[in-house]
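Structure file query-v1.pdb; described as PDB, C-alpha atoms.
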ATOM      1  CA  MET V   1     -84.534  -4.672  75.275
ATOM      2  CA  PRO V   2     -82.599  -5.853  78.367
ATOM      3  CA  ALA V   3     -83.795  -8.942  80.226
ATOM      4  CA  GLY V   4     -86.596  -8.219  82.647
ATOM      5  CA  VAL V   5     -88.060  -5.352  80.595
ATOM      6  CA  THR V   6     -90.269  -7.404  78.257
ATOM      7  CA  VAL V   7     -91.049 -11.107  77.834
ATOM      8  CA  ASN V   8     -91.244 -13.393  74.819
ATOM      9  CA  LEU V   9     -93.224 -16.557  74.245
ATOM     10  CA  LYS V  10     -90.188 -18.840  74.544
ATOM     11  CA  GLU V  11     -89.378 -17.477  77.995
ATOM     12  CA  LEU V  12     -92.913 -18.076  79.226
ATOM     13  CA  VAL V  13     -93.018 -21.594  77.769
ATOM     14  CA  LEU V  14     -89.761 -22.439  79.526
ATOM     15  CA  LEU V  15     -91.454 -21.805  82.872
ATOM     16  CA  LEU V  16     -93.398 -25.065  82.439
ATOM     17  CA  PRO V  17     -91.082 -27.291  84.530
ATOM     18  CA  HIS V  18     -90.978 -24.706  87.343
ATOM     19  CA  SER V  19     -94.757 -25.028  87.808
ATOM     20  CA  ARG V  20     -94.828 -28.744  88.549
ATOM     21  CA  HIS V  21     -95.143 -28.545  92.338
ATOM     22  CA  LEU V  22     -97.382 -25.517  92.732
ATOM     23  CA  PRO V  23    -100.341 -26.548  94.970
ATOM     24  CA  MET V  24    -103.116 -25.941  92.472
ATOM     25  CA  ALA V  25    -105.121 -29.159  92.687
ATOM     26  CA  ALA V  26    -104.668 -30.203  96.313
ATOM     27  CA  ARG V  27    -108.129 -28.969  97.322
ATOM     28  CA  ARG V  28    -109.833 -30.877  94.518
ATOM     29  CA  SER V  29    -108.888 -34.417  95.559
ATOM     30  CA  ALA V  30    -111.330 -36.689  97.345
ATOM     31  CA  THR V  31    -110.253 -39.395  99.766
ATOM     32  CA  SER V  32    -113.567 -41.158 100.068
ATOM     33  CA  ILE V  33    -116.980 -41.484  98.525
ATOM     34  CA  GLY V  34    -119.571 -39.299 100.178
ATOM     35  CA  ALA V  35    -117.479 -38.258 103.174
ATOM     36  CA  GLY V  36    -114.357 -36.309 103.898
ATOM     37  CA  GLY V  37    -111.916 -34.926 101.383
ATOM     38  CA  TYR V  38    -112.624 -31.932  99.206
ATOM     39  CA  HIS V  39    -116.144 -30.755  98.469
ATOM     40  CA  SER V  40    -116.333 -28.991  95.133
ATOM     41  CA  THR V  41    -118.441 -25.876  94.502
ATOM     42  CA  PHE V  42    -119.737 -27.519  91.335
ATOM     43  CA  LYS V  43    -121.171 -30.909  90.509
ATOM     44  CA  GLY V  44    -118.904 -32.986  88.314
ATOM     45  CA  ARG V  45    -119.676 -36.131  86.364
ATOM     46  CA  GLY V  46    -118.339 -38.264  89.187
ATOM     47  CA  LEU V  47    -115.033 -39.515  90.518
ATOM     48  CA  GLU V  48    -112.220 -41.339  88.792
ATOM     49  CA  PHE V  49    -109.338 -43.290  90.304
ATOM     50  CA  ASP V  50    -106.179 -41.275  90.918
ATOM     51  CA  GLU V  51    -103.762 -43.214  93.173
ATOM     52  CA  VAL V  52    -103.487 -45.261  96.378
ATOM     53  CA  ARG V  53    -102.006 -44.436  99.775
ATOM     54  CA  LEU V  54    -101.884 -46.008 103.227
ATOM     55  CA  TYR V  55    -105.273 -46.291 104.900
ATOM     56  CA  GLN V  56    -105.876 -43.647 107.572
ATOM     57  CA  SER V  57    -108.373 -43.470 110.395
ATOM     58  CA  GLY V  58    -111.598 -41.974 109.077
ATOM     59  CA  ASP V  59    -111.189 -43.211 105.496
ATOM     60  CA  ASP V  60    -114.190 -44.905 103.927
ATOM     61  CA  ALA V  61    -113.697 -48.669 104.157
ATOM     62  CA  ARG V  62    -115.380 -49.029 100.768
ATOM     63  CA  THR V  63    -112.336 -47.446  99.115
ATOM     64  CA  ILE V  64    -109.803 -49.976 100.457
ATOM     65  CA  ASP V  65    -107.739 -51.480  97.645
ATOM     66  CA  TRP V  66    -107.527 -55.101  98.754
ATOM     67  CA  ARG V  67    -105.139 -56.202  96.023
ATOM     68  CA  VAL V  68    -102.567 -53.525  96.824
ATOM     69  CA  SER V  69    -103.063 -54.126 100.556
ATOM     70  CA  ALA V  70    -102.371 -57.847 100.157
ATOM     71  CA  ARG V  71     -99.344 -57.223  97.951
ATOM     72  CA  ARG V  72     -97.763 -54.632 100.257
ATOM     73  CA  GLY V  73     -98.774 -56.146 103.566
ATOM     74  CA  LYS V  74    -100.480 -52.958 104.791
ATOM     75  CA  THR V  75    -103.960 -51.593 104.245
ATOM     76  CA  HIS V  76    -104.143 -49.100 101.367
ATOM     77  CA  THR V  77    -107.051 -46.975 100.205
ATOM     78  CA  LYS V  78    -107.916 -45.596  96.798
ATOM     79  CA  LEU V  79    -107.878 -41.858  96.113
ATOM     80  CA  PHE V  80    -110.260 -40.379  93.604
ATOM     81  CA  ARG V  81    -110.434 -37.064  91.779
ATOM     82  CA  GLU V  82    -113.281 -35.355  90.022
ATOM     83  CA  GLU V  83    -113.624 -36.210  86.363
ATOM     84  CA  ARG V  84    -114.710 -32.729  85.374
ATOM     85  CA  GLU V  85    -111.968 -30.245  84.527
ATOM     86  CA  ARG V  86    -112.041 -27.070  86.589
ATOM     87  CA  PRO V  87    -111.801 -23.749  84.762
ATOM     88  CA  VAL V  88    -108.936 -21.529  85.849
ATOM     89  CA  PHE V  89    -109.295 -17.867  84.919
ATOM     90  CA  ILE V  90    -106.229 -15.639  84.912
ATOM     91  CA  PHE V  91    -106.440 -11.846  84.832
ATOM     92  CA  VAL V  92    -103.188 -10.197  83.721
ATOM     93  CA  ASP V  93    -103.054  -6.420  84.145
ATOM     94  CA  LEU V  94    -100.513  -4.927  81.734
ATOM     95  CA  HIS V  95    -101.395  -1.238  81.860
ATOM     96  CA  PRO V  96     -98.543   1.191  81.020
ATOM     97  CA  GLY V  97     -97.837   1.905  84.684
ATOM     98  CA  MET V  98     -96.716  -1.722  85.006
ATOM     99  CA  PHE V  99     -93.827  -0.881  82.668
ATOM    100  CA  PHE V 100     -91.695   0.016  85.674
ATOM    101  CA  GLY V 101     -89.084  -1.626  87.837
ATOM    102  CA  THR V 102     -85.919  -0.928  89.787
ATOM    103  CA  ARG V 103     -85.112  -4.491  90.871
ATOM    104  CA  LYS V 104     -84.623  -7.518  88.655
ATOM    105  CA  ALA V 105     -87.687  -7.118  86.408
ATOM    106  CA  PHE V 106     -90.478  -4.729  85.495
ATOM    107  CA  LYS V 107     -93.871  -5.249  87.118
ATOM    108  CA  SER V 108     -95.382  -6.163  83.748
ATOM    109  CA  VAL V 109     -92.791  -8.920  83.330
ATOM    110  CA  VAL V 110     -93.456 -10.256  86.823
ATOM    111  CA  ALA V 111     -97.196 -10.325  86.091
ATOM    112  CA  ALA V 112     -96.549 -12.213  82.855
ATOM    113  CA  ARG V 113     -94.292 -14.764  84.544
ATOM    114  CA  LEU V 114     -96.677 -15.347  87.452
ATOM    115  CA  ALA V 115     -99.547 -15.809  85.013
ATOM    116  CA  ALA V 116     -97.504 -18.316  83.013
ATOM    117  CA  LEU V 117     -96.596 -20.287  86.140
ATOM    118  CA  ALA V 118    -100.232 -20.410  87.261
ATOM    119  CA  ALA V 119    -101.384 -21.419  83.787
ATOM    120  CA  TRP V 120     -98.834 -24.217  83.455
ATOM    121  CA  ALA V 121     -99.725 -25.463  86.956
ATOM    122  CA  ALA V 122    -103.388 -25.534  85.921
ATOM    123  CA  GLU V 123    -102.475 -27.462  82.769
ATOM    124  CA  HIS V 124    -100.507 -29.959  84.848
ATOM    125  CA  ALA V 125    -103.553 -30.413  87.122
ATOM    126  CA  GLY V 126    -105.754 -31.123  84.103
ATOM    127  CA  ASP V 127    -107.713 -27.869  84.282
ATOM    128  CA  ARG V 128    -108.941 -25.614  81.496
ATOM    129  CA  VAL V 129    -107.341 -22.157  81.204
ATOM    130  CA  GLY V 130    -108.916 -18.858  80.209
ATOM    131  CA  GLY V 131    -109.094 -15.296  81.437
ATOM    132  CA  VAL V 132    -108.513 -11.694  80.452
ATOM    133  CA  VAL V 133    -105.354  -9.849  79.442
ATOM    134  CA  SER V 134    -105.751  -6.081  79.668
ATOM    135  CA  SER V 135    -103.496  -3.272  78.465
ATOM    136  CA  ALA V 136    -103.619   0.188  76.918
ATOM    137  CA  ALA V 137    -103.071  -1.488  73.548
ATOM    138  CA  GLY V 138    -106.257  -3.512  73.873
ATOM    139  CA  HIS V 139    -107.556  -6.565  75.630
ATOM    140  CA  ALA V 140    -108.099 -10.266  75.099
ATOM    141  CA  GLU V 141    -111.078 -12.175  76.484
ATOM    142  CA  LEU V 142    -110.099 -15.827  76.559
ATOM    143  CA  GLN V 143    -112.749 -18.481  77.011
ATOM    144  CA  PRO V 144    -111.436 -21.549  78.894
ATOM    145  CA  ARG V 145    -109.717 -24.011  76.601
ATOM    146  CA  PRO V 146    -108.442 -27.494  77.390
ATOM    147  CA  ARG V 147    -105.006 -27.684  78.951
ATOM    148  CA  ARG V 148    -102.089 -26.701  76.701
ATOM    149  CA  GLU V 149    -104.293 -24.999  74.132
ATOM    150  CA  GLY V 150    -105.624 -22.674  76.815
ATOM    151  CA  VAL V 151    -102.160 -21.938  78.208
ATOM    152  CA  LEU V 152    -100.659 -21.027  74.829
ATOM    153  CA  HIS V 153    -103.680 -18.880  73.988
ATOM    154  CA  LEU V 154    -103.042 -16.907  77.201
ATOM    155  CA  LEU V 155     -99.275 -16.635  76.729
ATOM    156  CA  ASN V 156     -99.650 -15.383  73.167
ATOM    157  CA  ALA V 157    -102.066 -12.687  74.353
ATOM    158  CA  ILE V 158     -99.624 -11.609  77.072
ATOM    159  CA  THR V 159     -96.678 -11.224  74.713
ATOM    160  CA  ARG V 160     -98.842  -9.407  72.167
ATOM    161  CA  LEU V 161    -100.383  -6.914  74.610
ATOM    162  CA  GLN V 162     -97.496  -6.272  77.007
ATOM    163  CA  PRO V 163     -96.476  -2.609  77.416
ATOM    164  CA  THR V 164     -93.269  -1.456  75.736
ATOM    165  CA  ALA V 165     -93.167   2.125  77.021
ATOM    166  CA  PRO V 166     -94.200   3.865  80.260
ATOM    167  CA  ASP V 167     -97.242   6.081  80.551
ATOM    168  CA  VAL V 168     -99.438   7.486  83.285
ATOM    169  CA  SER V 169    -101.953   5.213  84.973
ATOM    170  CA  ARG V 170    -105.622   5.793  84.300
ATOM    171  CA  PRO V 171    -107.743   5.061  87.380
ATOM    172  CA  GLY V 172    -110.882   3.135  86.481
ATOM    173  CA  ARG V 173    -109.447   1.182  83.553
ATOM    174  CA  MET V 174    -109.198  -1.892  85.777
ATOM    175  CA  ASP V 175    -112.965  -1.761  86.293
ATOM    176  CA  ASP V 176    -113.540  -2.287  82.577
ATOM    177  CA  ALA V 177    -111.146  -5.239  82.578
ATOM    178  CA  LEU V 178    -112.757  -6.877  85.619
ATOM    179  CA  ALA V 179    -116.179  -6.437  84.040
ATOM    180  CA  ARG V 180    -114.890  -8.433  81.070
ATOM    181  CA  LEU V 181    -113.529 -11.058  83.452
ATOM    182  CA  THR V 182    -116.890 -11.499  85.174
ATOM    183  CA  ARG V 183    -118.434 -12.178  81.753
ATOM    184  CA  VAL V 184    -115.779 -14.739  80.832
ATOM    185  CA  ALA V 185    -115.561 -16.483  84.212
ATOM    186  CA  HIS V 186    -118.283 -19.023  84.801
ATOM    187  CA  THR V 187    -119.287 -20.594  88.099
ATOM    188  CA  GLY V 188    -116.996 -22.948  89.964
ATOM    189  CA  GLY V 189    -113.525 -21.830  88.907
ATOM    190  CA  LEU V 190    -110.287 -20.600  90.362
ATOM    191  CA  VAL V 191    -109.516 -16.961  89.535
ATOM    192  CA  PHE V 192    -106.097 -15.317  89.670
ATOM    193  CA  LEU V 193    -105.651 -11.537  89.598
ATOM    194  CA  PHE V 194    -102.118 -10.348  88.773
ATOM    195  CA  SER V 195    -101.882  -6.560  89.020
ATOM    196  CA  ASP V 196    -100.436  -3.619  90.911
ATOM    197  CA  PHE V 197    -104.057  -2.448  91.378
ATOM    198  CA  ARG V 198    -103.046   1.137  90.542
ATOM    199  CA  GLU V 199    -105.906   1.508  88.069
ATOM    200  CA  MET V 200    -108.706   0.493  90.403
ATOM    201  CA  GLY V 201    -111.889   2.512  90.119
ATOM    202  CA  PRO V 202    -115.226   2.917  91.875
ATOM    203  CA  ALA V 203    -116.557  -0.410  90.558
ATOM    204  CA  THR V 204    -113.535  -2.567  91.490
ATOM    205  CA  GLU V 205    -114.994  -3.856  94.728
ATOM    206  CA  LYS V 206    -118.330  -4.620  93.043
ATOM    207  CA  HIS V 207    -116.602  -6.802  90.439
ATOM    208  CA  LEU V 208    -114.475  -8.452  93.125
ATOM    209  CA  THR V 209    -117.653  -9.268  95.037
ATOM    210  CA  ALA V 210    -119.206 -10.846  91.954
ATOM    211  CA  LEU V 211    -116.136 -12.974  91.273
ATOM    212  CA  ALA V 212    -115.764 -14.118  94.886
ATOM    213  CA  ARG V 213    -119.426 -15.117  95.045
ATOM    214  CA  HIS V 214    -118.913 -17.908  92.507
ATOM    215  CA  HIS V 215    -115.174 -18.644  92.495
ATOM    216  CA  GLU V 216    -112.135 -19.109  94.623
ATOM    217  CA  VAL V 217    -110.158 -15.905  94.010
ATOM    218  CA  VAL V 218    -106.448 -15.233  94.557
ATOM    219  CA  ALA V 219    -105.385 -11.576  94.319
ATOM    220  CA  SER V 220    -101.676 -10.979  93.819
ATOM    221  CA  LEU V 221    -100.397  -7.441  94.392
ATOM    222  CA  ILE V 222     -97.240  -6.886  92.327
ATOM    223  CA  TYR V 223     -95.000  -4.070  93.498
ATOM    224  CA  ASP V 224     -91.505  -2.737  93.094
ATOM    225  CA  PRO V 225     -89.475  -2.449  96.330
ATOM    226  CA  MET V 226     -88.996   1.272  95.720
ATOM    227  CA  GLU V 227     -92.764   1.730  95.936
ATOM    228  CA  ALA V 228     -92.693   0.422  99.512
ATOM    229  CA  HIS V 229     -89.394   1.950 100.576
ATOM    230  CA  PRO V 230     -88.192   5.354  99.303
ATOM    231  CA  PRO V 231     -84.786   5.646  97.641
ATOM    232  CA  ARG V 232     -81.730   6.990  99.434
ATOM    233  CA  ALA V 233     -81.682  10.652 100.445
ATOM    234  CA  GLY V 234     -81.409  12.942  97.446
ATOM    235  CA  ARG V 235     -83.395  14.765  94.783
ATOM    236  CA  TYR V 236     -85.003  12.567  92.115
ATOM    237  CA  GLU V 237     -86.959  13.358  88.981
ATOM    238  CA  LEU V 238     -89.733  10.802  88.692
ATOM    239  CA  GLY V 239     -92.565  10.039  86.289
ATOM    240  CA  VAL V 240     -93.090   9.757  82.553
ATOM    241  CA  PRO V 241     -91.741  12.483  80.220
ATOM    242  CA  GLU V 242     -95.002  14.461  80.064
ATOM    243  CA  HIS V 243     -95.682  14.146  83.812
ATOM    244  CA  ARG V 244     -92.442  14.446  85.729
ATOM    245  CA  GLN V 245     -91.861  15.821  89.204
ATOM    246  CA  VAL V 246     -88.861  16.343  91.436
ATOM    247  CA  LEU V 247     -88.973  14.845  94.920
ATOM    248  CA  ASP V 248     -86.425  15.509  97.678
ATOM    249  CA  PHE V 249     -86.040  12.338  99.731
ATOM    250  CA  GLY V 250     -83.554  14.136 101.963
ATOM    251  CA  GLN V 251     -86.631  15.480 103.742
ATOM    252  CA  SER V 252     -88.032  13.019 106.256
ATOM    253  CA  GLU V 253     -91.606  14.117 105.570
ATOM    254  CA  THR V 254     -91.301  13.247 101.874
ATOM    255  CA  ALA V 255     -90.015   9.772 102.744
ATOM    256  CA  ARG V 256     -92.765   9.304 105.323
ATOM    257  CA  GLN V 257     -95.489  10.256 102.866
ATOM    258  CA  TRP V 258     -93.977   7.920 100.277
ATOM    259  CA  ARG V 259     -94.127   4.943 102.646
ATOM    260  CA  GLU V 260     -97.597   5.890 103.863
ATOM    261  CA  ARG V 261     -98.968   6.077 100.323
ATOM    262  CA  PHE V 262     -97.936   2.489  99.618
ATOM    263  CA  ARG V 263     -99.121   1.290 103.022
ATOM    264  CA  LYS V 264    -102.590   2.710 102.367
ATOM    265  CA  HIS V 265    -102.727   1.265  98.861
ATOM    266  CA  ARG V 266    -101.760  -2.195 100.066
ATOM    267  CA  GLY V 267    -104.093  -1.924 103.047
ATOM    268  CA  LEU V 268    -107.073  -1.053 100.844
ATOM    269  CA  ILE V 269    -106.543  -4.107  98.642
ATOM    270  CA  LYS V 270    -106.112  -6.347 101.689
ATOM    271  CA  GLU V 271    -109.335  -4.975 103.158
ATOM    272  CA  TYR V 272    -111.243  -5.679  99.942
ATOM    273  CA  CYS V 273    -109.895  -9.221  99.990
ATOM    274  CA  ARG V 274    -110.692  -9.769 103.657
ATOM    275  CA  ARG V 275    -114.211  -8.455 103.186
ATOM    276  CA  HIS V 276    -114.973 -10.825 100.334
ATOM    277  CA  GLN V 277    -112.958 -13.912 101.359
ATOM    278  CA  VAL V 278    -110.400 -13.421  98.596
ATOM    279  CA  HIS V 279    -106.938 -14.770  99.252
ATOM    280  CA  PHE V 280    -104.387 -11.937  99.218
ATOM    281  CA  MET V 281    -100.701 -12.265  98.425
ATOM    282  CA  ASP V 282     -98.097  -9.718  97.436
ATOM    283  CA  VAL V 283     -95.034 -10.252  95.277
ATOM    284  CA  ALA V 284     -92.064  -7.904  94.938
ATOM    285  CA  THR V 285     -90.364  -7.635  91.565
ATOM    286  CA  ASN V 286     -87.121  -8.982  93.038
ATOM    287  CA  ALA V 287     -88.732 -11.996  94.728
ATOM    288  CA  ASP V 288     -88.356 -15.658  93.823
ATOM    289  CA  LEU V 289     -91.587 -15.976  91.841
ATOM    290  CA  VAL V 290     -91.950 -19.751  92.086
ATOM    291  CA  MET V 291     -91.459 -19.664  95.851
ATOM    292  CA  SER V 292     -93.779 -16.672  96.247
ATOM    293  CA  LEU V 293     -96.564 -18.335  94.281
ATOM    294  CA  ARG V 294     -96.071 -21.666  96.036
ATOM    295  CA  ASN V 295     -96.196 -20.061  99.498
ATOM    296  CA  GLY V 296     -99.147 -17.899  98.537
ATOM    297  CA  LEU V 297    -101.185 -20.827  97.241
ATOM    298  CA  ALA V 298    -100.252 -23.053 100.174
ATOM    299  CA  ALA V 299    -101.468 -20.356 102.592
ATOM    300  CA  ARG V 300    -104.997 -20.391 101.164
ATOM    301  CA  GLY V 301    -106.200 -22.611 103.969
ATOM    302  CA  GLY V 302    -109.882 -23.380 103.963
ATOM    303  CA  GLY V 303    -110.785 -20.559 101.617
ATOM    304  CA  ARG V 304    -114.347 -20.366 100.508
TER     305      ARG V 304
END

How would this structure read if it were set down as structure tokens?
Amino acid sequence: MPAGVTVNLKELVLLLPHSRHLPMAARRSATSIGAGGYHSTFKGRGLEFDEVRLYQSGDDARTIDWRVSARRGKTHTKLFREERERPVFIFVDLHPGMFFGTRKAFKSVVAARLAALAAWAAEHAGDRVGGVVSSAAGHAELQPRPRREGVLHLLNAITRLQPTAPDVSRPGRMDDALARLTRVAHTGGLVFLFSDFREMGPATEKHLTALARHHEVVASLIYDPMEAHPPRAGRYELGVPEHRQVLDFGQSETARQWRERFRKHRGLIKEYCRRHQVHFMDVATNADLVMSLRNGLAARGGGR
């Protein structure tokens, strides 16, 4: 198949170097003992030395590295990080409706690439990787595994379960997948959701609430630009072979309804995220994925 329609394991592995500077672990570092820095939602086994930097006002004087300070002529303080690895759970939605795209890559491919970037960034930060990969062909529940083992387990599941043909979406299927994710995801992790959210059902918000109660959650809405902006004026036959319809985008009302449908869909997901303190980001299929993920993660702010 042409590039951007499906992914293979080699392609996802080659994303490793592009994940190096994604801000995954910045909120886990501690600059002092007992004060300041990051406060984890779980209790680790303690702190271990990470690096040194120039002493700043407010730093704990007990962490000053006197040897480095004497050698460099300026006061330096030690930085510590938690010894315990944090679990990172990645949900990859590969339902048949994701087998669609008009710019650069299909939505399923974008979801796979974003998941790979997040997984490699977690591996680089020393975290364990697990999650759920869901598709019409089946699903994979992946318990967190240490570093590279966890990443490769996820990437193999993605390539195995990715869609290879379009089909109609089935509302509610995402609820089953998120229920599996809540069983896999334990307390104190970082959760990524990569989906177009077209298969949400009546229990989606309930599962989102459960995840957000115990984890930091990042929801990434993946969309094709044509979903947000209708094509040029003309008559188009759209849909899968068994469910096709002809739309006339020469009529302003058709174009208006098209834009409004996407606006409402995006707005609903944003409202769910706002309500439950989930960080929302959206990624178009023709976007720079590394930059989109970097900007989205950097914008998390205080979070939970």

Calculated over all atoms listed in the file, which of the candidates V:Val278, V:Ala121, V:Ala105, V:Ala61 has the smallest distance to Arg20 in chain V?
V:Ala121

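With distances taken over all atoms listed in the file, V:Ala116 is the one residue among V:Ala136, V:Ala287, V:Leu211, V:Ala116 lying closest to Arg148 in chain V.
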
What is the CA of Ala219 in chain V-CA of His279 in chain V distance in Å, reported with one decimal?
6.1 Å

Which is closer to Val290 in chain V than all the others in V:His76, V:His214, V:His18, V:Arg173, using only C-alpha atoms?
V:His18

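Considering the residues V:His124, V:Lys78, V:Arg71, V:Arg198 and counting all atoms listed in the file, Asp59 in chain V has its shortest atom-to-atom contact with V:Lys78.
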
Starting from the point (-96.6, -9.1, 86.5), work out which residues of protein, DNA or RNA have an atom no more than 10 Å away when counting only C-alpha atoms; state them as a ChimeraX atom specification.
/V:92-94,98-99,105-116,162,193-196,220-223,283-285

Do you know which residues are at most 12 Å from Tyr55 in chain V counting only C-alpha atoms, after dropping those on the same chain fewer than 4 positions away, and could you put them as a ChimeraX atom specification?
/V:31-32,59-66,68-69,73-79

Rounded to one decimal place, report the CA of Ala212 in chain V-CA of Gly172 in chain V distance in Å.
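Computing the Euclidean distance for CA of Ala212 in chain V and CA of Gly172 in chain V yields 19.8 Å.
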
Going by the chain IDs and residue numbers used in this file, which residues fall under the PyMOL selection byres ((chain V and resi 266) around 10)? Write them as a ChimeraX atom specification.
/V:196-197,221,223,228,260-265,267-271,282

Per-axis box centre and lengths in Å around range 159-168 of chain V, 8 Å margin per side, axis-aligned, as AutoDock Vina command-line options:
--center_x -96.8 --center_y -1.9 --center_z 77.7 --size_x 23.2 --size_y 34.7 --size_z 27.1

List, as a list in words, every residue that the PyMOL selection byres ((chain V and resi 150-160) around 8) selects in the file provided.
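In the shown coordinates, the PyMOL selection byres ((chain V and resi 150-160) around 8) covers Val7, Asn8, Leu9, Leu12, Val92, Ala112, Ala116, Ala119, Trp120, Glu123, Arg128, Val129, Gly130, Gly131, Val133, Ala140, Leu142, Pro144, Arg145, Pro146, Arg147, Arg148, Glu149, Leu161 and Gln162 of chain V.
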
Could you tell me how far CA of Glu199 in chain V sits from CA of Pro231 in chain V, in Å to one decimal place?
23.6 Å

For range 128-150 of chain V, supply N, CA and C atoms and report the output as an mmCIF file, in the frame of the given file.
data_model
loop_
_atom_site.group_PDB
_atom_site.id
_atom_site.type_symbol
_atom_site.label_atom_id
_atom_site.label_comp_id
_atom_site.auth_asym_id
_atom_site.auth_seq_id
_atom_site.Cartn_x
_atom_site.Cartn_y
_atom_site.Cartn_z
ATOM 1 N N ARG V 128 -108.835 -26.484 82.667
ATOM 2 C CA ARG V 128 -108.941 -25.614 81.496
ATOM 3 C C ARG V 128 -108.480 -24.211 81.875
ATOM 4 N N VAL V 129 -107.919 -23.479 80.926
ATOM 5 C CA VAL V 129 -107.341 -22.157 81.204
ATOM 6 C C VAL V 129 -107.978 -21.102 80.315
ATOM 7 N N GLY V 130 -108.388 -20.004 80.923
ATOM 8 C CA GLY V 130 -108.916 -18.858 80.209
ATOM 9 C C GLY V 130 -108.619 -17.604 81.006
ATOM 10 N N GLY V 131 -109.291 -16.514 80.675
ATOM 11 C CA GLY V 131 -109.094 -15.296 81.437
ATOM 12 C C GLY V 131 -109.153 -14.045 80.602
ATOM 13 N N VAL V 132 -108.540 -12.980 81.118
ATOM 14 C CA VAL V 132 -108.513 -11.694 80.452
ATOM 15 C C VAL V 132 -107.127 -11.087 80.576
ATOM 16 N N VAL V 133 -106.600 -10.609 79.455
ATOM 17 C CA VAL V 133 -105.354 -9.849 79.442
ATOM 18 C C VAL V 133 -105.725 -8.425 79.050
ATOM 19 N N SER V 134 -105.343 -7.459 79.881
ATOM 20 C CA SER V 134 -105.751 -6.081 79.668
ATOM 21 C C SER V 134 -104.545 -5.163 79.579
ATOM 22 N N SER V 135 -104.571 -4.253 78.611
ATOM 23 C CA SER V 135 -103.496 -3.272 78.465
ATOM 24 C C SER V 135 -104.034 -2.053 77.742
ATOM 25 N N ALA V 136 -103.211 -1.007 77.656
ATOM 26 C CA ALA V 136 -103.619 0.188 76.918
ATOM 27 C C ALA V 136 -103.740 -0.104 75.429
ATOM 28 N N ALA V 137 -103.046 -1.134 74.972
ATOM 29 C CA ALA V 137 -103.071 -1.488 73.548
ATOM 30 C C ALA V 137 -104.315 -2.284 73.167
ATOM 31 N N GLY V 138 -105.076 -2.719 74.145
ATOM 32 C CA GLY V 138 -106.257 -3.512 73.873
ATOM 33 C C GLY V 138 -106.457 -4.555 74.949
ATOM 34 N N HIS V 139 -107.279 -5.511 74.667
ATOM 35 C CA HIS V 139 -107.556 -6.565 75.630
ATOM 36 C C HIS V 139 -107.844 -7.863 74.889
ATOM 37 N N ALA V 140 -107.756 -8.953 75.638
ATOM 38 C CA ALA V 140 -108.099 -10.266 75.099
ATOM 39 C C ALA V 140 -108.993 -10.969 76.103
ATOM 40 N N GLU V 141 -110.180 -11.363 75.672
ATOM 41 C CA GLU V 141 -111.078 -12.175 76.484
ATOM 42 C C GLU V 141 -110.911 -13.619 76.029
ATOM 43 N N LEU V 142 -110.462 -14.464 76.912
ATOM 44 C CA LEU V 142 -110.099 -15.827 76.559
ATOM 45 C C LEU V 142 -111.038 -16.820 77.238
ATOM 46 N N GLN V 143 -111.893 -17.429 76.472
ATOM 47 C CA GLN V 143 -112.749 -18.481 77.011
ATOM 48 C C GLN V 143 -111.886 -19.681 77.399
ATOM 49 N N PRO V 144 -112.250 -20.410 78.451
ATOM 50 C CA PRO V 144 -111.436 -21.549 78.894
ATOM 51 C C PRO V 144 -111.263 -22.583 77.785
ATOM 52 N N ARG V 145 -110.024 -22.980 77.584
ATOM 53 C CA ARG V 145 -109.717 -24.011 76.601
ATOM 54 C C ARG V 145 -108.984 -25.155 77.297
ATOM 55 N N PRO V 146 -109.076 -26.339 76.745
ATOM 56 C CA PRO V 146 -108.442 -27.494 77.390
ATOM 57 C C PRO V 146 -106.925 -27.344 77.470
ATOM 58 N N ARG V 147 -106.417 -27.475 78.636
ATOM 59 C CA ARG V 147 -105.006 -27.684 78.951
ATOM 60 C C ARG V 147 -104.041 -26.831 78.137
ATOM 61 N N ARG V 148 -103.165 -27.458 77.354
ATOM 62 C CA ARG V 148 -102.089 -26.701 76.701
ATOM 63 C C ARG V 148 -102.614 -25.666 75.714
ATOM 64 N N GLU V 149 -103.718 -25.961 75.062
ATOM 65 C CA GLU V 149 -104.293 -24.999 74.132
ATOM 66 C C GLU V 149 -104.658 -23.704 74.859
ATOM 67 N N GLY V 150 -105.256 -23.843 76.041
ATOM 68 C CA GLY V 150 -105.624 -22.674 76.815
ATOM 69 C C GLY V 150 -104.417 -21.897 77.294
#
